[in-house]
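Asks: Structure: work_32.txt, compact mmCIF, C-alpha atoms.
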# COMPACT_ATOMS: atom_id res chain seq x y z
CA MET G 518 18.89 3.00 6.59
CA THR G 519 15.18 3.29 5.86
CA SER G 520 14.23 1.75 2.52
CA LEU G 521 11.18 3.63 1.26
CA PRO G 522 9.08 2.43 -1.68
CA THR G 523 9.09 4.73 -4.69
CA THR G 524 6.06 3.28 -6.47
CA THR G 525 3.51 5.75 -7.81
CA ALA G 526 0.15 5.80 -9.56
CA HIS G 527 -0.60 7.84 -12.67
CA LEU G 528 -3.14 10.66 -12.43
CA PRO G 529 -5.16 12.34 -15.22
CA SER G 530 -3.06 15.52 -15.16
CA GLY G 531 0.03 13.50 -16.00
CA ALA G 532 1.32 13.76 -12.43
CA SER G 533 2.15 10.76 -10.29
CA ILE G 534 0.96 10.20 -6.73
CA PRO G 535 3.36 8.35 -4.40
CA LEU G 536 1.68 5.21 -3.09
CA LEU G 537 3.25 5.83 0.31
CA GLY G 538 2.00 8.94 2.06
CA PHE G 539 2.03 10.38 5.56
CA GLY G 540 -1.38 10.81 7.18
CA THR G 541 -2.00 13.66 9.60
CA TRP G 542 -5.50 13.02 10.95
CA GLN G 543 -5.72 13.92 14.68
CA LEU G 544 -2.26 15.49 14.64
CA THR G 545 -2.44 19.03 16.00
CA GLY G 546 -0.22 21.87 17.14
CA ALA G 547 3.50 21.37 17.53
CA THR G 548 3.01 17.61 17.41
CA ALA G 549 1.67 17.87 13.86
CA THR G 550 4.62 19.97 12.72
CA GLU G 551 7.18 17.75 14.43
CA ALA G 552 5.72 14.50 13.10
CA THR G 553 5.37 15.86 9.56
CA THR G 554 8.91 17.25 9.65
CA THR G 555 10.16 13.85 10.76
CA ALA G 556 8.27 12.13 7.95
CA LEU G 557 9.83 14.44 5.37
CA ARG G 558 13.28 13.90 6.87
CA VAL G 559 12.77 10.13 6.72
CA GLY G 560 11.86 10.44 3.05
CA TYR G 561 8.08 10.56 2.75
CA ARG G 562 7.14 12.71 -0.22
CA HIS G 563 3.36 12.67 0.06
CA LEU G 564 1.46 14.54 2.79
CA ASP G 565 -2.26 14.13 3.47
CA THR G 566 -4.27 16.68 5.44
CA ALA G 567 -7.75 18.23 5.40
CA THR G 568 -9.57 21.42 6.29
CA VAL G 569 -11.40 19.70 9.16
CA TYR G 570 -8.15 18.35 10.62
CA GLY G 571 -7.29 21.89 11.64
CA ASN G 572 -3.59 21.33 10.97
CA GLU G 573 -2.93 22.67 7.48
CA GLY G 574 -0.85 25.48 8.96
CA GLU G 575 1.27 23.03 10.94
CA VAL G 576 1.74 20.79 7.91
CA GLY G 577 2.70 23.84 5.86
CA ALA G 578 5.23 24.89 8.50
CA ALA G 579 6.82 21.44 8.37
CA LEU G 580 7.01 21.60 4.59
CA ARG G 581 8.76 24.97 4.71
CA GLU G 582 11.11 24.04 7.54
CA SER G 583 12.09 20.70 6.00
CA GLY G 584 14.11 22.25 3.21
CA VAL G 585 12.62 19.74 0.77
CA PRO G 586 11.79 21.47 -2.53
CA ARG G 587 8.05 22.03 -3.00
CA ASP G 588 8.01 20.19 -6.31
CA GLU G 589 9.28 17.03 -4.61
CA VAL G 590 6.34 16.75 -2.21
CA PHE G 591 2.82 15.70 -3.20
CA VAL G 592 0.32 17.65 -1.07
CA THR G 593 -3.31 16.61 -0.58
CA THR G 594 -6.03 18.36 1.38
CA LYS G 595 -9.80 18.01 1.53
CA ILE G 596 -12.86 20.26 1.62
CA PRO G 597 -15.98 19.45 3.67
CA PRO G 598 -19.08 18.78 1.53
CA THR G 599 -20.94 21.55 3.35
CA GLU G 600 -18.71 24.25 1.83
CA ALA G 601 -19.96 24.37 -1.78
CA ALA G 602 -20.93 28.02 -1.49
CA ARG G 603 -17.50 28.96 -0.09
CA ALA G 604 -15.35 26.50 -2.00
CA ARG G 605 -12.93 29.04 -3.46
CA LYS G 606 -12.43 30.78 -0.10
CA VAL G 607 -11.81 27.42 1.58
CA LEU G 608 -9.24 26.56 -1.06
CA GLU G 609 -7.53 29.93 -0.76
CA THR G 610 -7.31 29.45 3.00
CA SER G 611 -5.85 25.97 2.58
CA LEU G 612 -3.22 27.27 0.16
CA ARG G 613 -2.32 30.13 2.50
CA LEU G 614 -2.00 27.87 5.52
CA LEU G 615 0.02 25.31 3.60
CA GLY G 616 2.19 28.06 2.13
CA ILE G 617 1.91 26.80 -1.44
CA ASP G 618 0.57 28.18 -4.72
CA ALA G 619 -1.36 25.09 -5.81
CA LEU G 620 -2.44 21.73 -4.47
CA ASP G 621 -1.41 18.44 -6.02
CA LEU G 622 -4.75 16.91 -5.05
CA TRP G 623 -7.99 18.36 -3.65
CA LEU G 624 -10.64 15.96 -2.37
CA ILE G 625 -14.28 16.33 -1.34
CA HIS G 626 -13.97 14.85 2.14
CA TRP G 627 -17.20 12.84 2.37
CA THR G 628 -20.79 12.81 1.15
CA GLU G 629 -23.86 14.25 2.82
CA ASP G 630 -27.03 13.15 1.00
CA GLY G 631 -25.40 11.71 -2.09
CA ALA G 632 -22.85 13.08 -4.51
CA ASN G 633 -22.48 16.86 -4.26
CA ARG G 634 -22.60 18.00 -7.88
CA ASN G 635 -22.38 21.68 -7.04
CA LEU G 636 -19.25 21.28 -4.96
CA TRP G 637 -17.71 18.98 -7.53
CA ALA G 638 -18.25 21.65 -10.19
CA GLU G 639 -16.39 24.13 -7.95
CA VAL G 640 -13.55 21.67 -7.42
CA VAL G 641 -13.29 21.05 -11.16
CA GLN G 642 -13.27 24.81 -11.80
CA ALA G 643 -10.39 25.24 -9.34
CA GLN G 644 -8.48 22.68 -11.36
CA ALA G 645 -9.24 24.51 -14.59
CA ASP G 646 -7.97 27.72 -12.94
CA GLY G 647 -4.65 26.08 -12.12
CA LEU G 648 -5.04 26.04 -8.33
CA VAL G 649 -5.23 22.26 -8.19
CA ARG G 650 -3.47 19.68 -10.37
CA ASP G 651 -5.81 16.75 -9.75
CA VAL G 652 -9.20 16.42 -8.11
CA GLY G 653 -10.95 13.61 -6.32
CA VAL G 654 -13.17 12.53 -3.47
CA SER G 655 -13.19 10.59 -0.24
CA ASN G 656 -15.76 8.12 1.11
CA HIS G 657 -17.73 7.95 -2.16
CA SER G 658 -19.38 4.90 -3.73
CA LEU G 659 -18.83 3.76 -7.29
CA ALA G 660 -22.28 5.07 -8.21
CA GLN G 661 -21.37 8.48 -6.78
CA LEU G 662 -18.12 8.51 -8.76
CA ASP G 663 -20.15 7.89 -11.90
CA GLU G 664 -22.66 10.59 -10.98
CA LEU G 665 -19.95 13.22 -10.60
CA GLN G 666 -18.33 12.29 -13.89
CA HIS G 667 -21.65 12.36 -15.74
CA ALA G 668 -22.45 15.77 -14.25
CA THR G 669 -19.22 17.48 -15.32
CA GLY G 670 -17.36 15.23 -17.72
CA VAL G 671 -14.50 15.02 -15.20
CA ARG G 672 -13.99 11.84 -13.24
CA PRO G 673 -12.51 11.88 -9.77
CA ALA G 674 -8.84 10.91 -10.01
CA VAL G 675 -8.74 9.45 -6.50
CA ASN G 676 -11.21 8.03 -3.99
CA GLN G 677 -9.90 7.89 -0.43
CA ILE G 678 -11.79 5.23 1.51
CA LYS G 679 -11.40 3.12 4.62
CA TRP G 680 -9.39 0.02 3.76
CA SER G 681 -7.80 -2.87 5.59
CA PRO G 682 -7.84 -6.67 5.30
CA LEU G 683 -11.03 -6.65 7.36
CA VAL G 684 -12.91 -4.53 4.81
CA HIS G 685 -11.09 -5.71 1.68
CA ASP G 686 -13.46 -5.91 -1.29
CA ALA G 687 -11.91 -7.21 -4.50
CA ALA G 688 -14.95 -6.25 -6.58
CA LEU G 689 -14.90 -2.69 -5.24
CA LEU G 690 -11.19 -2.41 -5.97
CA GLU G 691 -11.74 -3.70 -9.50
CA GLY G 692 -14.60 -1.24 -9.96
CA HIS G 693 -12.21 1.62 -9.26
CA ARG G 694 -9.58 0.19 -11.59
CA THR G 695 -12.12 -0.17 -14.39
CA ARG G 696 -12.95 3.51 -13.95
CA GLU G 697 -9.24 4.40 -13.70
CA VAL G 698 -9.75 5.87 -10.24
CA VAL G 699 -6.86 5.49 -7.81
CA VAL G 700 -7.88 4.01 -4.45
CA GLU G 701 -6.30 5.57 -1.38
CA GLY G 702 -6.91 3.53 1.76
CA TYR G 703 -6.99 5.00 5.25
CA SER G 704 -7.14 3.43 8.74
CA GLY G 705 -5.31 0.36 7.49
CA LEU G 706 -3.42 -0.08 10.77
CA LYS G 707 -6.44 0.47 13.02
CA GLY G 708 -9.32 -1.62 14.27
CA GLY G 709 -7.21 -4.47 15.61
CA THR G 710 -5.65 -5.29 12.24
CA MET G 711 -2.14 -5.53 13.68
CA GLU G 712 -3.28 -8.25 16.10
CA LEU G 713 -4.88 -10.46 13.47
CA PRO G 714 -3.25 -13.94 13.56
CA ALA G 715 -2.59 -14.01 9.81
CA VAL G 716 -0.86 -10.63 10.01
CA VAL G 717 1.15 -11.56 13.10
CA GLU G 718 2.22 -14.87 11.57
CA ALA G 719 3.37 -13.26 8.33
CA ALA G 720 5.31 -10.63 10.29
CA ARG G 721 7.00 -13.30 12.42
CA ARG G 722 7.97 -15.41 9.43
CA LEU G 723 9.28 -12.45 7.44
CA ASP G 724 11.02 -10.89 10.47
CA ARG G 725 8.98 -7.73 10.05
CA THR G 726 6.39 -5.86 12.08
CA PRO G 727 2.62 -6.28 11.60
CA ALA G 728 2.45 -2.63 10.52
CA GLN G 729 5.01 -3.24 7.79
CA VAL G 730 3.08 -6.29 6.57
CA LEU G 731 -0.13 -4.25 6.36
CA VAL G 732 1.54 -1.38 4.53
CA ALA G 733 3.14 -3.79 2.06
CA TRP G 734 -0.18 -5.58 1.53
CA GLN G 735 -1.85 -2.35 0.52
CA LEU G 736 1.03 -1.26 -1.71
CA GLN G 737 1.01 -4.62 -3.51
CA HIS G 738 -2.64 -4.05 -4.29
CA GLY G 739 -1.54 -0.87 -6.06
CA MET G 740 -3.24 1.36 -3.52
CA VAL G 741 -2.10 4.50 -1.77
CA VAL G 742 -1.47 3.99 1.95
CA ILE G 743 -1.13 6.83 4.47
CA PRO G 744 0.11 5.52 7.84
CA LYS G 745 0.35 8.00 10.69
CA SER G 746 2.43 8.20 13.85
CA THR G 747 3.98 10.78 16.13
CA LYS G 748 6.97 8.61 16.99
CA GLU G 749 10.05 8.74 14.79
CA ALA G 750 10.75 5.02 15.15
CA ARG G 751 7.23 4.17 13.97
CA ILE G 752 7.32 6.73 11.17
CA ARG G 753 10.51 5.08 9.91
CA GLU G 754 9.24 1.57 10.46
CA ASN G 755 6.01 2.12 8.53
CA ALA G 756 7.99 3.35 5.52
CA ASP G 757 10.76 0.77 5.58
CA VAL G 758 9.08 -1.65 3.20
CA ALA G 759 10.69 -1.17 -0.22
CA ASP G 760 12.28 -4.61 -0.02
CA LEU G 761 9.29 -6.35 1.58
CA VAL G 762 7.41 -8.54 -0.87
CA LEU G 763 4.50 -10.64 0.33
CA SER G 764 3.98 -13.98 -1.37
CA GLU G 765 0.80 -14.82 -3.24
CA ASP G 766 -0.19 -17.02 -0.31
CA ASP G 767 0.38 -14.19 2.16
CA MET G 768 -1.67 -11.81 0.03
CA ALA G 769 -4.48 -14.35 -0.28
CA ALA G 770 -4.47 -15.02 3.46
CA LEU G 771 -4.83 -11.33 4.24
CA ASP G 772 -7.46 -10.82 1.56
CA ALA G 773 -9.46 -13.68 3.08
CA LEU G 774 -9.83 -11.75 6.34
CA ALA G 775 -12.52 -9.56 4.77
CA GLY G 776 -15.68 -9.56 6.83
CA THR G 777 -14.20 -11.57 9.70
CA ALA G 778 -14.24 -8.74 12.25
Now that the file is in, can you turn its structure into structure tokens?
Replies:
Amino acid sequence: MTSLPTTTAHLPSGASIPLLGFGTWQLTGATATEATTTALRVGYRHLDTATVYGNEGEVGAALRESGVPRDEVFVTTKIPPTEAARARKVLETSLRLLGIDALDLWLIHWTEDGANRNLWAEVVQAQADGLVRDVGVSNHSLAQLDELQHATGVRPAVNQIKWSPLVHDAALLEGHRTREVVVEGYSGLKGGTMELPAVVEAARRLDRTPAQVLVAWQLQHGMVVIPKSTKEARIRENADVADLVLSEDDMAALDALAGTA
């Protein structure tokens, strides 16, 4: 039986975001629907997609076909920074494709030439209108988080950024915590991380897989992690970490890999 973690992080709206999510980047067509359906069947209750992924409709189909009640699944999508003038139409399209009335989290996907104040104002307005519960960003710096908050009085609830032992930055993580911004890490299982000796050794000693060690490492840092796969065995494996606890030495060894790539 798969033992999924149930840990969550608190968001400004009062909602909680599951720290374990299912990523859907590069999943398209029937594959996207099948993989997402499998994730929901396994027990994932957090789905991450984006307008530019081109799979919101497939993710929405999986959500409907799964039979899992809408209020039990945390749904995130993202808007490109180039769409400030069409933000409401982009959101309406996302909601239609996903087949839901409101998002749990809407993110600005990345930055162009600095923080996009105009788009952030549109995102905040969508929240005020009840179409989005919480709002955030992706691939933003701490300075850009501050700029958006100063511009509107609303701080991003989440910042989704690339994160793995190779790019671990304790000061950056602490900067988010000081601002009460949840960090959501992506690409944690990519870039050769699963072949790193420290990861392989910990997996061998704990009788786990390198992927499970990396997922547990991120969860123990209190971060959201969104592993992706199209294979049911891997989807289950990545989530089967509720009883996996890395020691302080293991955590320190993985943290120390920062900048070694």
Asks: For a test of reading the model, state the distance in Å between CA of Gln642 in chain G and CA of Leu622 in chain G, rounded to one decimal.
Replies: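 Straight-line distance from CA of Gln642 in chain G to CA of Leu622 in chain G works out to 13.4 Å.
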Asks: So how many Å separate CA of Ala728 in chain G and CA of Trp627 in chain G, to one decimal?
Replies: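 These two atoms are separated by 26.3 Å.
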Asks: Need the neighbours of (-0.1, -4.3, -1.3): which residues are at most 12 Å away, counting all atoms listed in the file, as a VMD selection string?
Replies: chain G and resid 522 524 536 to 537 680 to 682 685 700 to 702 705 729 to 742 758 to 759 761 to 765 767 to 769 771 to 772
Asks: Skipping near chain neighbours, those fewer than 4 positions away, what residues fall within 9 Å of Gly577 in chain G using all atoms listed in the file, listed as a list in words?
Replies: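 So, after excluding close chain neighbours, the residues are Thr550, Asn572, Glu573, Arg581, Glu582, Leu612, Arg613, Leu614, Leu615, Gly616 and Ile617 of chain G.
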Asks: Closest to Pro597 in chain G among G:Gln677, G:Thr777, G:Asn633, G:Thr519, using all atoms listed in the file?
Replies: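 Checking each candidate against Pro597 in chain G, we get G:Asn633 as the closest.
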Asks: Hey, which of G:Met711, G:Val590, G:Leu636, G:Leu624 ends up closest to Leu683 in chain G? Count only C-alpha atoms.
Replies: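 Once distances to Leu683 in chain G are computed over only C-alpha atoms, the minimum belongs to G:Met711.
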Asks: Which residue is closest to Val559 in chain G? Choose from G:Asp686, G:Gly709, G:Arg696, G:Met518 and count all atoms listed in the file.
Replies: G:Met518
Asks: Since the input is missing atoms for range 692-712 of chain G, could you rebuild it with N, CA and C atoms and give the result as a PDB file, in the frame of the given file?
Replies:
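Writing done, so here's selection05.pdb:
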ATOM      1  N   GLY G 692     -13.717  -2.276  -9.448  1.00  0.00           N
ATOM      2  CA  GLY G 692     -14.600  -1.240  -9.960  1.00  0.00           C
ATOM      3  C   GLY G 692     -13.882   0.098 -10.096  1.00  0.00           C
ATOM      4  N   HIS G 693     -13.006   0.400  -9.162  1.00  0.00           N
ATOM      5  CA  HIS G 693     -12.210   1.620  -9.260  1.00  0.00           C
ATOM      6  C   HIS G 693     -11.201   1.513 -10.400  1.00  0.00           C
ATOM      7  N   ARG G 694     -10.581   0.362 -10.530  1.00  0.00           N
ATOM      8  CA  ARG G 694      -9.580   0.190 -11.590  1.00  0.00           C
ATOM      9  C   ARG G 694     -10.224   0.299 -12.969  1.00  0.00           C
ATOM     10  N   THR G 695     -11.407  -0.264 -13.117  1.00  0.00           N
ATOM     11  CA  THR G 695     -12.120  -0.170 -14.390  1.00  0.00           C
ATOM     12  C   THR G 695     -12.396   1.285 -14.749  1.00  0.00           C
ATOM     13  N   ARG G 696     -12.668   2.087 -13.743  1.00  0.00           N
ATOM     14  CA  ARG G 696     -12.950   3.510 -13.950  1.00  0.00           C
ATOM     15  C   ARG G 696     -11.670   4.356 -13.960  1.00  0.00           C
ATOM     16  N   GLU G 697     -10.535   3.724 -13.767  1.00  0.00           N
ATOM     17  CA  GLU G 697      -9.240   4.400 -13.700  1.00  0.00           C
ATOM     18  C   GLU G 697      -9.214   5.435 -12.575  1.00  0.00           C
ATOM     19  N   VAL G 698      -9.764   5.040 -11.442  1.00  0.00           N
ATOM     20  CA  VAL G 698      -9.750   5.870 -10.240  1.00  0.00           C
ATOM     21  C   VAL G 698      -8.796   5.231  -9.238  1.00  0.00           C
ATOM     22  N   VAL G 699      -7.821   5.991  -8.778  1.00  0.00           N
ATOM     23  CA  VAL G 699      -6.860   5.490  -7.810  1.00  0.00           C
ATOM     24  C   VAL G 699      -7.545   5.355  -6.446  1.00  0.00           C
ATOM     25  N   VAL G 700      -7.332   4.223  -5.790  1.00  0.00           N
ATOM     26  CA  VAL G 700      -7.880   4.010  -4.450  1.00  0.00           C
ATOM     27  C   VAL G 700      -6.813   4.353  -3.419  1.00  0.00           C
ATOM     28  N   GLU G 701      -7.185   5.216  -2.487  1.00  0.00           N
ATOM     29  CA  GLU G 701      -6.300   5.570  -1.380  1.00  0.00           C
ATOM     30  C   GLU G 701      -6.952   5.078  -0.101  1.00  0.00           C
ATOM     31  N   GLY G 702      -6.314   4.128   0.572  1.00  0.00           N
ATOM     32  CA  GLY G 702      -6.910   3.530   1.760  1.00  0.00           C
ATOM     33  C   GLY G 702      -6.438   4.204   3.038  1.00  0.00           C
ATOM     34  N   TYR G 703      -7.376   4.447   3.949  1.00  0.00           N
ATOM     35  CA  TYR G 703      -6.990   5.000   5.250  1.00  0.00           C
ATOM     36  C   TYR G 703      -7.425   4.047   6.370  1.00  0.00           C
ATOM     37  N   SER G 704      -6.856   4.242   7.556  1.00  0.00           N
ATOM     38  CA  SER G 704      -7.140   3.430   8.740  1.00  0.00           C
ATOM     39  C   SER G 704      -6.740   1.969   8.559  1.00  0.00           C
ATOM     40  N   GLY G 705      -5.740   1.732   7.734  1.00  0.00           N
ATOM     41  CA  GLY G 705      -5.310   0.360   7.490  1.00  0.00           C
ATOM     42  C   GLY G 705      -4.618  -0.310   8.656  1.00  0.00           C
ATOM     43  N   LEU G 706      -4.121   0.478   9.614  1.00  0.00           N
ATOM     44  CA  LEU G 706      -3.420  -0.080  10.770  1.00  0.00           C
ATOM     45  C   LEU G 706      -4.277  -0.021  12.028  1.00  0.00           C
ATOM     46  N   LYS G 707      -5.561   0.304  11.869  1.00  0.00           N
ATOM     47  CA  LYS G 707      -6.440   0.470  13.020  1.00  0.00           C
ATOM     48  C   LYS G 707      -7.435  -0.679  13.108  1.00  0.00           C
ATOM     49  N   GLY G 708      -8.253  -0.641  14.143  1.00  0.00           N
ATOM     50  CA  GLY G 708      -9.320  -1.620  14.270  1.00  0.00           C
ATOM     51  C   GLY G 708      -8.873  -3.022  14.605  1.00  0.00           C
ATOM     52  N   GLY G 709      -7.697  -3.145  15.227  1.00  0.00           N
ATOM     53  CA  GLY G 709      -7.210  -4.470  15.610  1.00  0.00           C
ATOM     54  C   GLY G 709      -6.510  -5.231  14.505  1.00  0.00           C
ATOM     55  N   THR G 710      -6.257  -4.577  13.370  1.00  0.00           N
ATOM     56  CA  THR G 710      -5.650  -5.290  12.240  1.00  0.00           C
ATOM     57  C   THR G 710      -4.251  -5.820  12.563  1.00  0.00           C
ATOM     58  N   MET G 711      -3.508  -5.097  13.403  1.00  0.00           N
ATOM     59  CA  MET G 711      -2.140  -5.530  13.680  1.00  0.00           C
ATOM     60  C   MET G 711      -2.076  -6.719  14.636  1.00  0.00           C
ATOM     61  N   GLU G 712      -3.234  -7.083  15.218  1.00  0.00           N
ATOM     62  CA  GLU G 712      -3.280  -8.250  16.100  1.00  0.00           C
ATOM     63  C   GLU G 712      -3.880  -9.473  15.417  1.00  0.00           C
TER      64      GLU G 712
END
